[in-house]
Amino acid sequence: MRWIHAAGRGFLVAAVILSGYVASGTQADGARGGGRGPLTLATAGDLTGYLGPLLERWNRTHPDERVTLVELPDSADETHAQMTTDLRSGGSRFDVLNIDVAWTSEFAAAGWISPLQRDRFPLRSFLPPVVDAATYEGKLYAVPYVTNAGLLLYRKDVLGKEGVEPPRTWAELEHQAKSIAPKYGLDGYAGQFLPYEGLTVNAAEAVYSAGGTILGDEGERVTVNSAAARRGIGFLARGVRDGWIPEKGLTYKEEESKQAFQDGRLLFLRNWPYAYVSASGKGSAVAGKVGAVSLPGPDGPGTSVLGGSNLAVSAQARHPDSAAALLAYLTSERVQRQVLTEGALPPVRAALYQDPELIREFPYLPTLRASVLAAAPRPKSPRYDQVSLAVQAVVHDAMTQQQTPEAAVRRLARELAAIARRG
């Protein structure tokens, strides 16, 4: 989960719309206490500065329900650690939590966030996969705020000179990364391969694209020991072994990989849509030379992991009525439009992806919509943090040639089974 690097500007939301949310009486079930009052909203670092002005508009129209923004580190792992430390202690430092979609099951199973009533939020207007990522054991525990799906960015000027289309399969990606990139002094392909949450995402996409899964039954059943998982992890390991994934790519997170592409050092990059916006903007060495397509798979389009963040109400929230009203405000159609136009963040409202004006400004929207609709969540588990650490460690060992993909998959199956037993 990251706040995307894009120019942050103020947001204008009509007061009459805000008052409509206040009057709705939306409320989180099971939250401590009731009524209305001041709130804190915890999030990963707002690197764009865009969220502050958005909340200031709320604060001006809700003087008795002012929101204090608590910015945690922009690293997902560090944000998770700080949130869970406070929540485990039973603290009430945070009322509203902006959490990575993968954390919803973990936080819900631990009793840290309160269930919400479905009919109090416009869920039917959201893209369907984002709603599933906000549920646990059939209950809604959060409201989708921002979605995301991985895209394959490519140098359309280079492929144009070569007279080839962007790759739709792994074989095409591998061939172009091997044969075309060196002719132009470029590295072939990169994603987010440092051992952190980004590597979990990239590994899951490779496994899913090959037709495999990692866990089933809300984390109670291990399904990773399959030919599909071996094929997916083998694809990544082979890329490093054969050189079309550069070794320095093993140190890349979102920002480092984006910068490498934006500086004109990569032919292909797997990243979130914000990287397209940044690489196409002023100051980019590849502005006007960037294309985006769905991630490739073994035999055609692959499967992205569903990214983004959900807004949840802490079980220890001081004023759950105000907290739920804030969730309704942040997911309103007007604010969701501004989430895209001002922050370059993919909204959860489905209609925005078919708006001609927005498509002119953000031409990747149709591709992103298709990717989100076909996306799969990261493995759902009440022990997701342990699951993710196991995936990172094992896949990193495979990519650095310390284990064969076959041995890595067997090891991962054993480690995930041990995590499930500990639960």
# chains A, B, ... in the order shown; residues from 1 in each chain; ligands from 1
$ residues_around --residues "Ser209 (chain A)" --least-positions-apart "2" --cutoff "8 Å" --atoms "only C-alpha atoms" --output "list in words"
Glu205, Ala206, Val207, Gly211, Gly212, Gly232, Pro296, Gly297, Pro298, Pro301, Gly302, Thr303 and Ser304 of chain A
$ residues_around --residues "Arg88 (chain A)" --least-positions-apart "4" --cutoff "10 Å" --atoms "only C-alpha atoms" --output "number ranges by chain"
A: 83-84, 110-112
$ closest_atom_pairs --of "region 66-150 of chain A" --to "region 43-59 of chain A" --cutoff "7 Å" --atoms "only C-alpha atoms" --output "Markdown table"
| residue | atom | partner | partner_atom | distance |
| --- | --- | --- | --- | --- |
| A:Arg66 | CA | A:Asn59 | CA | 4.8 |
| A:Val67 | CA | A:Asn59 | CA | 6.4 |
| A:Val70 | CA | A:Thr43 | CA | 6.4 |
| A:Glu71 | CA | A:Gly45 | CA | 4.8 |
| A:Leu72 | CA | A:Ala44 | CA | 4.8 |
| A:Pro73 | CA | A:Gly45 | CA | 5.2 |
| A:Asp74 | CA | A:Gly45 | CA | 4.3 |
| A:Ala76 | CA | A:Ala44 | CA | 7.0 |
| A:Thr79 | CA | A:Ala44 | CA | 5.8 |
| A:Leu97 | CA | A:Thr43 | CA | 6.4 |
| A:Asn98 | CA | A:Thr43 | CA | 5.0 |
$ write_last_selection --atoms "C-alpha atoms" --output "short mmCIF file (atom, residue, chain, number, x, y, z; two decimals), in the first residue's frame"
data_model
loop_
_atom_site.label_atom_id
_atom_site.label_comp_id
_atom_site.auth_asym_id
_atom_site.auth_seq_id
_atom_site.Cartn_x
_atom_site.Cartn_y
_atom_site.Cartn_z
CA ARG A 66 -12.21 16.97 12.76
CA VAL A 67 -9.90 14.32 11.37
CA VAL A 70 -1.46 10.18 11.31
CA GLU A 71 1.18 9.39 8.70
CA LEU A 72 3.14 6.21 9.25
CA PRO A 73 6.17 5.17 7.15
CA ASP A 74 5.50 4.85 3.43
CA ALA A 76 3.89 -1.18 3.72
CA THR A 79 3.13 0.67 8.39
CA LEU A 97 -7.30 2.70 9.32
CA ASN A 98 -6.29 2.90 5.68
#
$ closest_residue --among "A:Lys253, A:Thr40, A:His319, A:Pro346" --to "Leu368 (chain A)" --atoms "only C-alpha atoms"
A:Pro346
$ residues_around --residues "Arg241 (chain A)" --least-positions-apart "3" --cutoff "8 Å" --atoms "only C-alpha atoms" --output "list of chain:residue names"
A:Ala237, A:Arg238, A:Met399, A:Thr400, A:Gln401
$ select_by_dssp --residues "region 61-272 of chain A" --states "alpha helix (DSSP H)" --output "PyMOL selection string"
chain A and resi 61+76-88+104-109+128-132+156-162+170-179+197-209+227-242+254-262
$ closest_residue --among "A:Ala108, A:Arg124, A:Asn271, A:Arg230" --to "Gln403 (chain A)" --atoms "only C-alpha atoms"
A:Arg230
$ residues_around --residues "Glu197 (chain A)" --least-positions-apart "4" --cutoff "10 Å" --atoms "only C-alpha atoms" --output "list in words"
Met1, Ser75, Ala76, Asp77, Gln192, Phe193, Val201, Asn202, Ala203, Lys253, Asp385, Ser388, Leu389, Val391 and Gln392 of chain A
$ atom_distance --atom1 "CA of Ala376 (chain A)" --atom2 "CA of Ala407 (chain A)"
25.2 Å
$ residues_around --residues "region 134-151 of chain A" --least-positions-apart "3" --cutoff "8 Å" --atoms "only C-alpha atoms" --output "PyMOL selection string"
chain A and resi 101+104-105+108-109+113-118+121+130-131+218+270-273+292-295+304-313+327+330-331+345-348+368+371-372+375
$ residues_around --residues "region 258-264 of chain A" --least-positions-apart "3" --cutoff "10 Å" --atoms "only C-alpha atoms" --output "number ranges by chain"
A: 153-155, 185-187, 189-192, 249, 252-255, 267-272, 274-276, 278-281, 283-287, 289-290
$ write_last_selection --atoms "N, CA, C and O atoms" --output "compact mmCIF listing (two decimals), in the first residue's frame"
# COMPACT_ATOMS: atom_id res chain seq x y z
N LEU A 153 4.30 -1.91 -18.35
CA LEU A 153 4.70 -0.70 -19.07
C LEU A 153 5.81 -1.08 -20.05
O LEU A 153 6.64 -1.94 -19.76
N TYR A 154 5.80 -0.42 -21.20
CA TYR A 154 6.81 -0.75 -22.21
C TYR A 154 7.19 0.50 -22.99
O TYR A 154 6.43 1.48 -23.03
N ARG A 155 8.35 0.45 -23.62
CA ARG A 155 8.81 1.55 -24.46
C ARG A 155 8.20 1.39 -25.84
O ARG A 155 8.69 0.61 -26.67
N GLY A 185 20.68 -0.66 -25.50
CA GLY A 185 21.38 -0.38 -24.24
C GLY A 185 20.48 -0.43 -23.02
O GLY A 185 20.75 0.26 -22.03
N LEU A 186 19.41 -1.22 -23.09
CA LEU A 186 18.43 -1.28 -22.01
C LEU A 186 18.48 -2.62 -21.28
O LEU A 186 18.86 -3.63 -21.85
N ASP A 187 18.08 -2.60 -20.02
CA ASP A 187 17.78 -3.85 -19.33
C ASP A 187 16.41 -4.33 -19.80
O ASP A 187 15.58 -3.53 -20.25
N TYR A 189 13.67 -6.51 -18.29
CA TYR A 189 12.40 -6.53 -17.54
C TYR A 189 12.68 -6.41 -16.06
O TYR A 189 13.66 -6.96 -15.54
N ALA A 190 11.81 -5.70 -15.36
CA ALA A 190 11.91 -5.62 -13.89
C ALA A 190 10.52 -5.52 -13.30
O ALA A 190 9.56 -5.08 -13.95
N GLY A 191 10.46 -5.92 -12.06
CA GLY A 191 9.25 -5.74 -11.25
C GLY A 191 9.69 -5.24 -9.90
O GLY A 191 10.62 -4.42 -9.80
N GLN A 192 9.08 -5.77 -8.85
CA GLN A 192 9.45 -5.40 -7.48
C GLN A 192 9.96 -6.69 -6.82
O GLN A 192 9.17 -7.50 -6.32
N GLY A 249 17.78 -5.65 -10.36
CA GLY A 249 16.33 -5.68 -10.17
C GLY A 249 15.91 -6.37 -8.89
O GLY A 249 14.79 -6.18 -8.40
N TYR A 252 14.92 -3.82 -6.26
CA TYR A 252 13.90 -2.83 -6.60
C TYR A 252 12.62 -3.01 -5.79
O TYR A 252 12.10 -4.12 -5.66
N LYS A 253 12.13 -1.89 -5.27
CA LYS A 253 10.75 -1.77 -4.80
C LYS A 253 10.00 -0.95 -5.86
O LYS A 253 10.49 -0.76 -6.97
N GLU A 254 8.79 -0.47 -5.52
CA GLU A 254 8.02 0.29 -6.51
C GLU A 254 8.79 1.49 -7.05
O GLU A 254 8.87 1.71 -8.25
N GLU A 255 9.34 2.28 -6.13
CA GLU A 255 9.98 3.52 -6.55
C GLU A 255 11.25 3.28 -7.36
O GLU A 255 11.48 3.95 -8.37
N LEU A 267 13.31 -1.74 -20.76
CA LEU A 267 12.37 -1.91 -21.86
C LEU A 267 10.98 -2.23 -21.33
O LEU A 267 9.99 -1.69 -21.83
N PHE A 268 10.89 -3.07 -20.30
CA PHE A 268 9.61 -3.49 -19.74
C PHE A 268 9.62 -3.34 -18.22
O PHE A 268 10.64 -3.59 -17.57
N LEU A 269 8.48 -2.96 -17.67
CA LEU A 269 8.35 -2.83 -16.23
C LEU A 269 6.96 -3.26 -15.78
O LEU A 269 5.95 -2.81 -16.32
N ARG A 270 6.92 -4.14 -14.79
CA ARG A 270 5.66 -4.43 -14.10
C ARG A 270 5.56 -3.45 -12.93
O ARG A 270 6.42 -3.37 -12.06
N ASN A 271 4.49 -2.66 -12.92
CA ASN A 271 4.27 -1.74 -11.80
C ASN A 271 2.80 -1.35 -11.77
O ASN A 271 2.00 -1.79 -12.62
N TRP A 272 2.44 -0.53 -10.80
CA TRP A 272 1.07 -0.04 -10.67
C TRP A 272 0.86 1.15 -11.61
O TRP A 272 1.82 1.75 -12.11
N TYR A 274 0.32 4.22 -11.27
CA TYR A 274 0.95 5.51 -10.96
C TYR A 274 2.28 5.66 -11.70
O TYR A 274 2.70 6.77 -12.03
N ALA A 275 2.95 4.52 -11.95
CA ALA A 275 4.23 4.58 -12.64
C ALA A 275 4.05 5.06 -14.08
O ALA A 275 4.93 5.74 -14.63
N TYR A 276 2.93 4.69 -14.69
CA TYR A 276 2.63 5.18 -16.05
C TYR A 276 2.48 6.69 -16.03
O TYR A 276 3.01 7.39 -16.90
N SER A 278 3.64 8.85 -13.84
CA SER A 278 4.92 9.50 -13.56
C SER A 278 5.86 9.45 -14.76
O SER A 278 6.49 10.45 -15.12
N ALA A 279 5.94 8.29 -15.41
CA ALA A 279 6.84 8.15 -16.56
C ALA A 279 6.38 8.96 -17.76
O ALA A 279 7.19 9.26 -18.64
N SER A 280 5.11 9.31 -17.80
CA SER A 280 4.57 10.09 -18.91
C SER A 280 4.59 11.59 -18.63
O SER A 280 4.20 12.38 -19.48
N GLY A 281 5.01 11.98 -17.43
CA GLY A 281 4.94 13.37 -17.03
C GLY A 281 6.18 14.18 -17.36
O GLY A 281 7.17 13.67 -17.91
N GLY A 283 9.60 16.02 -17.11
CA GLY A 283 10.84 15.64 -16.47
C GLY A 283 11.23 14.20 -16.67
O GLY A 283 12.35 13.81 -16.32
N SER A 284 10.32 13.39 -17.22
CA SER A 284 10.64 12.00 -17.47
C SER A 284 11.42 11.87 -18.78
O SER A 284 11.06 12.48 -19.79
N ALA A 285 12.43 11.03 -18.76
CA ALA A 285 13.22 10.80 -19.97
C ALA A 285 12.45 10.04 -21.04
O ALA A 285 12.86 10.02 -22.20
N VAL A 286 11.33 9.41 -20.66
CA VAL A 286 10.58 8.61 -21.62
C VAL A 286 9.17 9.16 -21.84
O VAL A 286 8.30 8.46 -22.37
N ALA A 287 8.94 10.40 -21.47
CA ALA A 287 7.62 11.01 -21.68
C ALA A 287 7.24 10.93 -23.16
O ALA A 287 8.05 11.21 -24.04
N LYS A 289 6.72 8.20 -24.72
CA LYS A 289 7.25 6.96 -25.29
C LYS A 289 6.76 5.72 -24.53
O LYS A 289 7.31 4.64 -24.68
N VAL A 290 5.73 5.90 -23.70
CA VAL A 290 5.30 4.84 -22.79
C VAL A 290 3.97 4.25 -23.22
O VAL A 290 3.02 4.97 -23.54
$ atom_distance --atom1 "CA of Leu236 (chain A)" --atom2 "CA of Ala204 (chain A)"
11.2 Å
$ select_by_dssp --residues "region 53-260 of chain A" --states "strand (DSSP E or B)" --output "VMD selection string"
chain A and resid 67 to 72 96 to 100 113 116 126 135 to 136 139 to 140 143 to 149 151 to 155 169 187 to 190 215 to 216 221 to 222
$ closest_residue --among "A:Leu373, A:Leu266, A:Ala210, A:Asp119" --to "Ala181 (chain A)" --atoms "only C-alpha atoms"
A:Leu266
$ decode --residues "region 257-268 of chain A" --atoms "N, CA, C and O atoms" --output "PDB file, in the first residue's frame"
ATOM      1  N   SER A 257      12.083   0.692  -9.157  1.00  0.00           N
ATOM      2  CA  SER A 257      11.781   0.138 -10.481  1.00  0.00           C
ATOM      3  C   SER A 257      11.163   1.204 -11.381  1.00  0.00           C
ATOM      4  O   SER A 257      11.485   1.292 -12.568  1.00  0.00           O
ATOM      5  N   LYS A 258      10.289   2.021 -10.801  1.00  0.00           N
ATOM      6  CA  LYS A 258       9.700   3.107 -11.587  1.00  0.00           C
ATOM      7  C   LYS A 258      10.763   4.074 -12.084  1.00  0.00           C
ATOM      8  O   LYS A 258      10.754   4.509 -13.242  1.00  0.00           O
ATOM      9  N   GLN A 259      11.710   4.400 -11.198  1.00  0.00           N
ATOM     10  CA  GLN A 259      12.744   5.349 -11.581  1.00  0.00           C
ATOM     11  C   GLN A 259      13.629   4.792 -12.682  1.00  0.00           C
ATOM     12  O   GLN A 259      14.043   5.515 -13.592  1.00  0.00           O
ATOM     13  N   ALA A 260      13.929   3.486 -12.615  1.00  0.00           N
ATOM     14  CA  ALA A 260      14.748   2.874 -13.661  1.00  0.00           C
ATOM     15  C   ALA A 260      14.061   2.975 -15.013  1.00  0.00           C
ATOM     16  O   ALA A 260      14.697   3.284 -16.032  1.00  0.00           O
ATOM     17  N   PHE A 261      12.759   2.740 -15.039  1.00  0.00           N
ATOM     18  CA  PHE A 261      12.021   2.845 -16.293  1.00  0.00           C
ATOM     19  C   PHE A 261      11.927   4.306 -16.736  1.00  0.00           C
ATOM     20  O   PHE A 261      12.136   4.633 -17.909  1.00  0.00           O
ATOM     21  N   GLN A 262      11.625   5.169 -15.816  1.00  0.00           N
ATOM     22  CA  GLN A 262      11.443   6.588 -16.125  1.00  0.00           C
ATOM     23  C   GLN A 262      12.739   7.232 -16.603  1.00  0.00           C
ATOM     24  O   GLN A 262      12.712   8.168 -17.416  1.00  0.00           O
ATOM     25  N   ASP A 263      13.859   6.726 -16.129  1.00  0.00           N
ATOM     26  CA  ASP A 263      15.156   7.257 -16.555  1.00  0.00           C
ATOM     27  C   ASP A 263      15.615   6.682 -17.891  1.00  0.00           C
ATOM     28  O   ASP A 263      16.684   7.037 -18.388  1.00  0.00           O
ATOM     29  N   GLY A 264      14.829   5.764 -18.459  1.00  0.00           N
ATOM     30  CA  GLY A 264      15.177   5.203 -19.752  1.00  0.00           C
ATOM     31  C   GLY A 264      16.147   4.049 -19.685  1.00  0.00           C
ATOM     32  O   GLY A 264      16.937   3.843 -20.612  1.00  0.00           O
ATOM     33  N   ARG A 265      16.082   3.253 -18.599  1.00  0.00           N
ATOM     34  CA  ARG A 265      17.017   2.140 -18.435  1.00  0.00           C
ATOM     35  C   ARG A 265      16.368   0.771 -18.621  1.00  0.00           C
ATOM     36  O   ARG A 265      17.052  -0.236 -18.571  1.00  0.00           O
ATOM     37  N   LEU A 266      15.040   0.739 -18.822  1.00  0.00           N
ATOM     38  CA  LEU A 266      14.315  -0.527 -18.923  1.00  0.00           C
ATOM     39  C   LEU A 266      13.434  -0.560 -20.163  1.00  0.00           C
ATOM     40  O   LEU A 266      12.846   0.457 -20.540  1.00  0.00           O
ATOM     41  N   LEU A 267      13.313  -1.737 -20.758  1.00  0.00           N
ATOM     42  CA  LEU A 267      12.372  -1.910 -21.859  1.00  0.00           C
ATOM     43  C   LEU A 267      10.977  -2.227 -21.330  1.00  0.00           C
ATOM     44  O   LEU A 267       9.993  -1.685 -21.829  1.00  0.00           O
ATOM     45  N   PHE A 268      10.893  -3.072 -20.304  1.00  0.00           N
ATOM     46  CA  PHE A 268       9.605  -3.485 -19.739  1.00  0.00           C
ATOM     47  C   PHE A 268       9.623  -3.336 -18.219  1.00  0.00           C
ATOM     48  O   PHE A 268      10.644  -3.593 -17.574  1.00  0.00           O
TER      49      PHE A 268
END
